[in-house]
Each structure stands twice: as C-alpha cells, then as structure tokens.
>>> print(open('final-v4.pdb').read())   # PDB, C-alpha atoms
MODEL        1
ATOM      1  CA  GLY A   1      15.527  -8.299 -11.816  1.00  0.00           C
ATOM      2  CA  ASN A   2      13.423 -11.390 -12.021  1.00  0.00           C
ATOM      3  CA  SER A   3       9.783 -10.555 -11.189  1.00  0.00           C
ATOM      4  CA  ALA A   4       9.103 -14.130 -10.024  1.00  0.00           C
ATOM      5  CA  ARG A   5      11.817 -13.826  -7.370  1.00  0.00           C
ATOM      6  CA  ARG A   6      10.996 -10.310  -6.190  1.00  0.00           C
ATOM      7  CA  GLY A   7       7.234 -10.371  -6.696  1.00  0.00           C
ATOM      8  CA  VAL A   8       4.961  -7.680  -8.024  1.00  0.00           C
ATOM      9  CA  ALA A   9       2.403  -5.390  -6.433  1.00  0.00           C
ATOM     10  CA  LEU A  10      -0.965  -5.123  -8.174  1.00  0.00           C
ATOM     11  CA  CYS A  11      -2.587  -1.680  -8.113  1.00  0.00           C
ATOM     12  CA  ASN A  12      -6.251  -1.067  -8.906  1.00  0.00           C
ATOM     13  CA  LEU A  13      -6.484   2.198 -10.832  1.00  0.00           C
ATOM     14  CA  GLY A  14     -10.239   2.773 -10.931  1.00  0.00           C
ATOM     15  CA  GLY A  15     -10.897  -0.754 -12.160  1.00  0.00           C
ATOM     16  CA  THR A  16      -7.783  -1.059 -14.341  1.00  0.00           C
ATOM     17  CA  LEU A  17      -4.977  -3.164 -12.906  1.00  0.00           C
ATOM     18  CA  SER A  18      -1.337  -2.133 -13.004  1.00  0.00           C
ATOM     19  CA  ALA A  19       1.584  -4.281 -11.841  1.00  0.00           C
ATOM     20  CA  VAL A  20       4.784  -2.773 -10.459  1.00  0.00           C
ATOM     21  CA  ALA A  21       7.956  -4.297  -9.041  1.00  0.00           C
ATOM     22  CA  GLY A  22       7.368  -5.522  -5.517  1.00  0.00           C
ATOM     23  CA  LEU A  23      10.509  -3.951  -4.068  1.00  0.00           C
ATOM     24  CA  CYS A  24      11.306  -0.272  -3.530  1.00  0.00           C
ATOM     25  CA  PRO A  25      14.494   0.609  -5.440  1.00  0.00           C
ATOM     26  CA  HIS A  26      15.659   2.850  -2.585  1.00  0.00           C
ATOM     27  CA  GLY A  27      15.216   0.972   0.689  1.00  0.00           C
ATOM     28  CA  ALA A  28      14.457  -2.566  -0.539  1.00  0.00           C
ATOM     29  CA  VAL A  29      11.076  -2.563   1.255  1.00  0.00           C
ATOM     30  CA  ARG A  30       8.645  -5.136  -0.147  1.00  0.00           C
ATOM     31  CA  PHE A  31       5.398  -3.678  -1.466  1.00  0.00           C
ATOM     32  CA  THR A  32       3.717  -7.085  -1.595  1.00  0.00           C
ATOM     33  CA  GLY A  33       1.378  -8.051   1.225  1.00  0.00           C
ATOM     34  CA  GLY A  34       0.482  -4.406   1.823  1.00  0.00           C
ATOM     35  CA  TYR A  35       3.263  -3.785   4.364  1.00  0.00           C
ATOM     36  CA  GLY A  36       5.465  -1.505   2.311  1.00  0.00           C
ATOM     37  CA  VAL A  37       2.857   0.283   0.244  1.00  0.00           C
ATOM     38  CA  ARG A  38       0.084   2.764   0.728  1.00  0.00           C
ATOM     39  CA  PHE A  39      -2.007   3.318  -2.375  1.00  0.00           C
ATOM     40  CA  ASP A  40      -3.980   6.512  -3.066  1.00  0.00           C
ATOM     41  CA  GLY A  41      -3.540   6.552  -6.825  1.00  0.00           C
ATOM     42  CA  LYS A  42       0.205   6.299  -6.184  1.00  0.00           C
ATOM     43  CA  VAL A  43       2.626   3.722  -4.828  1.00  0.00           C
ATOM     44  CA  ILE A  44       4.138   5.078  -1.618  1.00  0.00           C
ATOM     45  CA  CYS A  45       6.957   3.298   0.199  1.00  0.00           C
ATOM     46  CA  MET A  46       6.273   3.241   3.925  1.00  0.00           C
ATOM     47  CA  LEU A  47       9.976   3.309   4.868  1.00  0.00           C
ATOM     48  CA  HIS A  48      11.083   6.685   3.479  1.00  0.00           C
ATOM     49  CA  THR A  49       7.841   7.847   1.743  1.00  0.00           C
ATOM     50  CA  SER A  50       9.147   7.693  -1.819  1.00  0.00           C
ATOM     51  CA  VAL A  51       6.237   8.139  -4.246  1.00  0.00           C
ATOM     52  CA  PHE A  52       5.855   6.390  -7.624  1.00  0.00           C
ATOM     53  CA  ASP A  53       3.388   6.523 -10.512  1.00  0.00           C
ATOM     54  CA  PRO A  54       1.852   3.015 -10.825  1.00  0.00           C
ATOM     55  CA  GLU A  55       1.228   3.412 -14.568  1.00  0.00           C
ATOM     56  CA  ASP A  56       4.787   4.109 -15.698  1.00  0.00           C
ATOM     57  CA  GLY A  57       6.820   3.438 -12.521  1.00  0.00           C
ATOM     58  CA  LYS A  58       8.446   6.885 -12.514  1.00  0.00           C
ATOM     59  CA  SER A  59       9.537   8.402  -9.225  1.00  0.00           C
ATOM     60  CA  ILE A  60       7.338  11.388  -8.343  1.00  0.00           C
ATOM     61  CA  GLU A  61       9.023  12.229  -5.055  1.00  0.00           C
ATOM     62  CA  GLY A  62      12.290  11.022  -3.451  1.00  0.00           C
ATOM     63  CA  PRO A  63      14.388   9.924  -1.780  1.00  0.00           C
ATOM     64  CA  ALA A  64      14.074   7.168  -4.433  1.00  0.00           C
ATOM     65  CA  TYR A  65      14.780   8.456  -7.934  1.00  0.00           C
ATOM     66  CA  ASP A  66      15.105   5.168  -9.822  1.00  0.00           C
ATOM     67  CA  PRO A  67      11.787   4.051 -11.361  1.00  0.00           C
ATOM     68  CA  LEU A  68       9.859   0.927 -10.441  1.00  0.00           C
ATOM     69  CA  GLY A  69       9.586  -1.814 -13.013  1.00  0.00           C
ATOM     70  CA  VAL A  70       6.124  -1.962 -14.587  1.00  0.00           C
ATOM     71  CA  PHE A  71       4.639  -5.160 -16.035  1.00  0.00           C
ATOM     72  CA  ASP A  72       1.804  -5.809 -18.488  1.00  0.00           C
ATOM     73  CA  VAL A  73      -1.392  -7.144 -16.905  1.00  0.00           C
ATOM     74  CA  LYS A  74      -4.053  -9.213 -18.636  1.00  0.00           C
ATOM     75  CA  VAL A  75      -7.398 -10.117 -17.042  1.00  0.00           C
ATOM     76  CA  GLU A  76      -9.399 -13.084 -18.324  1.00  0.00           C
ATOM     77  CA  GLY A  77     -12.561 -13.749 -16.320  1.00  0.00           C
ATOM     78  CA  ASP A  78     -11.460 -13.973 -12.695  1.00  0.00           C
ATOM     79  CA  GLN A  79      -7.812 -14.731 -13.562  1.00  0.00           C
ATOM     80  CA  VAL A  80      -5.081 -12.063 -13.564  1.00  0.00           C
ATOM     81  CA  TYR A  81      -1.921 -12.640 -15.589  1.00  0.00           C
ATOM     82  CA  VAL A  82       1.241 -10.563 -15.169  1.00  0.00           C
ATOM     83  CA  SER A  83       4.032 -10.649 -17.759  1.00  0.00           C
ATOM     84  CA  LYS A  84       7.440 -11.945 -16.707  1.00  0.00           C
ATOM     85  CA  GLU A  85       9.261  -9.176 -18.560  1.00  0.00           C
ATOM     86  CA  ARG A  86       9.219  -5.486 -17.666  1.00  0.00           C
ATOM     87  CA  LYS A  87       7.583  -3.050 -20.052  1.00  0.00           C
ATOM     88  CA  SER A  88      10.062  -1.026 -22.075  1.00  0.00           C
ATOM     89  CA  SER A  89      10.526   2.504 -20.758  1.00  0.00           C
TER      90      SER A  89
ENDMDL
END
>>> encode(input="final-v4.pdb", output="structure tokens")
Amino acid sequence: GNSARRGVALCNLGGTLSAVAGLCPHGAVRFTGGYGVRFDGKVICMLHTSVFDPEDGKSIEGPAYDPLGVFDVKVEGDQVYVSKERKSS
C-alpha cells in the first residue's frame, strides 16, 4: 500500500521514533490521530485488541496475524522524515 494514502503512525520508543502503517491489517482501523492505537511499548488496535511490535511490525497477539508495514524514520533538528517505501522484512 501507499503510505501517503494510508498514513503512518509515529511511535516514540524511549526517544527513538518508529513509523508503522496507519491502518490495522485486520479491521482497517486507522492508528493515526490516536483513535485506533494505544501505545505502551506496543501498537494495540482498539477495535479487536490486536498487538504489534512497533520496531518490526510483527503481530504479537491476534486476531490480526499479518504484520504492519514499518518505515524508516530520520530526524534532522525538529523535522521528522518518514520513507515512502516499507522496510524489507
């Protein structure tokens, strides 16, 4: 999928940013804007409580078993840049 169309969710992992696809692969809930995500070191979909690792996108707990796309993040000063292409798995 095109990250520009679907958006990404930025996760702060103890000061290191990670970017994951902004849409849950199971229920199509948007993570962007904080509605569909709860973050406690993990990305958790609020619809069916699927849990994902924000560093590699892997599903930790279902019902979603497909991974999230993960994107490279670069920080320069106060600007955050997210790659357009998913990282290779």
>>> axis_aligned_box(input="final-v4.pdb", around="segment 69-82 of chain A", padding_each_side="6 Å", output="JSON")
{"center_x": -1.5, "center_y": -8.3, "center_z": -15.7, "size_x": 34.1, "size_y": 24.9, "size_z": 17.9}
>>> resolve_selection(input="final-v4.pdb", expression="the PyMOL selection byres ((chain A and resi 64) around 7)", output="NGL selection string")
:A and (25-26 or 50 or 59 or 62-63 or 65-66)
>>> residues_around(input="final-v4.pdb", residues="Pro67 of chain A", least_positions_apart="4", cutoff="9 Å", atoms="all atoms listed in the file", output="PyMOL selection string")
chain A and resi 24-25+52-53+56-59
>>> resolve_selection(input="final-v4.pdb", expression="the PyMOL selection byres ((chain A and resi 72) around 8)", output="list in words")
Ser18, Ala19, Val70, Phe71, Val73, Lys74, Val82, Ser83, Arg86 and Lys87 of chain A
>>> atom_distance(input="final-v4.pdb", atom1="atom CA of Tyr81 of chain A", atom2="atom CA of Val51 of chain A")
25.0 Å
>>> closest_residue(input="final-v4.pdb", among="A:Ile60, A:Ile44, A:Ala21, A:Leu68", to="Gly7 of chain A", atoms="all atoms listed in the file")
A:Ala21
>>> atom_distance(input="final-v4.pdb", atom1="atom CA of Thr49 of chain A", atom2="atom CA of Leu13 of chain A")
19.9 Å
>>> closest_residue(input="final-v4.pdb", among="A:Val75, A:Leu17, A:Gly69, A:Gly27", to="Ser88 of chain A", atoms="only C-alpha atoms")
A:Gly69
>>> closest_residue(input="final-v4.pdb", among="A:Gly41, A:Glu85, A:Gln79, A:Leu47", to="Val29 of chain A", atoms="only C-alpha atoms")
A:Leu47
>>> atom_distance(input="final-v4.pdb", atom1="atom CA of Asn12 of chain A", atom2="atom CA of Glu55 of chain A")
10.4 Å
>>> decode(input="final-v4.pdb", residues="chain A", atoms="C-alpha atoms", output="tab-separated table (two decimals), in the first residue's frame")
chain	number	residue	atom	x	y	z
A	1	GLY	CA	0.00	0.00	0.00
A	2	ASN	CA	0.92	3.60	-0.49
A	3	SER	CA	1.95	5.15	2.85
A	4	ALA	CA	0.96	8.65	1.66
A	5	ARG	CA	-2.62	7.48	1.10
A	6	ARG	CA	-2.99	5.40	4.25
A	7	GLY	CA	-0.79	7.44	6.58
A	8	VAL	CA	1.66	6.27	9.19
A	9	ALA	CA	1.64	6.23	12.97
A	10	LEU	CA	4.77	7.51	14.71
A	11	CYS	CA	5.75	5.68	17.90
A	12	ASN	CA	8.21	7.06	20.44
A	13	LEU	CA	10.28	4.15	21.74
A	14	GLY	CA	12.17	5.77	24.62
A	15	GLY	CA	13.27	8.68	22.45
A	16	THR	CA	13.71	6.69	19.22
A	17	LEU	CA	10.97	7.12	16.64
A	18	SER	CA	9.43	4.24	14.73
A	19	ALA	CA	6.87	4.59	11.93
A	20	VAL	CA	4.28	1.90	11.22
A	21	ALA	CA	1.42	1.66	8.73
A	22	GLY	CA	-1.50	3.76	9.88
A	23	LEU	CA	-4.12	1.07	9.27
A	24	CYS	CA	-4.67	-2.19	11.15
A	25	PRO	CA	-4.41	-5.10	8.69
A	26	HIS	CA	-7.29	-6.90	10.43
A	27	GLY	CA	-10.11	-4.42	10.98
A	28	ALA	CA	-8.96	-1.45	8.87
A	29	VAL	CA	-8.96	0.84	11.94
A	30	ARG	CA	-6.80	3.94	11.48
A	31	PHE	CA	-4.00	4.30	14.02
A	32	THR	CA	-3.37	7.93	13.08
A	33	GLY	CA	-4.84	10.64	15.29
A	34	GLY	CA	-4.65	8.37	18.33
A	35	TYR	CA	-8.14	6.89	17.86
A	36	GLY	CA	-7.18	3.37	16.85
A	37	VAL	CA	-4.00	2.94	18.84
A	38	ARG	CA	-2.92	2.62	22.42
A	39	PHE	CA	0.83	2.65	22.89
A	40	ASP	CA	2.62	1.05	25.86
A	41	GLY	CA	5.72	-0.07	24.01
A	42	LYS	CA	3.39	-1.82	21.56
A	43	VAL	CA	0.85	-0.81	18.93
A	44	ILE	CA	-2.57	-2.02	20.05
A	45	CYS	CA	-5.63	-1.77	17.82
A	46	MET	CA	-8.60	-0.50	19.81
A	47	LEU	CA	-11.15	-2.42	17.71
A	48	HIS	CA	-10.18	-6.04	18.39
A	49	THR	CA	-7.04	-5.55	20.57
A	50	SER	CA	-4.53	-6.95	18.10
A	51	VAL	CA	-0.99	-6.23	19.34
A	52	PHE	CA	2.02	-5.37	17.15
A	53	ASP	CA	5.72	-4.75	17.70
A	54	PRO	CA	6.44	-1.16	16.53
A	55	GLU	CA	10.06	-1.97	15.63
A	56	ASP	CA	9.44	-4.77	13.14
A	57	GLY	CA	5.64	-4.66	12.67
A	58	LYS	CA	5.15	-8.31	13.62
A	59	SER	CA	1.87	-9.40	15.16
A	60	ILE	CA	2.36	-10.35	18.81
A	61	GLU	CA	-1.25	-11.23	19.54
A	62	GLY	CA	-4.29	-11.73	17.25
A	63	PRO	CA	-6.83	-11.65	15.86
A	64	ALA	CA	-4.57	-9.88	13.32
A	65	TYR	CA	-1.72	-12.08	12.14
A	66	ASP	CA	-0.47	-10.06	9.17
A	67	PRO	CA	2.34	-7.66	10.13
A	68	LEU	CA	2.18	-3.88	9.96
A	69	GLY	CA	4.36	-2.12	7.44
A	70	VAL	CA	7.35	-0.42	9.06
A	71	PHE	CA	9.06	2.64	7.56
A	72	ASP	CA	12.49	4.19	8.09
A	73	VAL	CA	12.49	7.40	10.14
A	74	LYS	CA	15.09	10.15	10.00
A	75	VAL	CA	15.18	13.10	12.42
A	76	GLU	CA	17.00	16.30	11.48
A	77	GLY	CA	16.67	19.05	14.08
A	78	ASP	CA	12.94	19.42	14.71
A	79	GLN	CA	11.94	17.79	11.40
A	80	VAL	CA	10.88	14.14	11.12
A	81	TYR	CA	11.14	12.38	7.77
A	82	VAL	CA	9.45	9.04	7.02
A	83	SER	CA	10.42	6.97	3.98
A	84	LYS	CA	7.79	6.34	1.31
A	85	GLU	CA	8.80	2.69	0.94
A	86	ARG	CA	8.33	-0.03	3.55
A	87	LYS	CA	11.39	-1.59	5.12
A	88	SER	CA	12.17	-5.05	3.79
A	89	SER	CA	11.08	-7.83	6.13
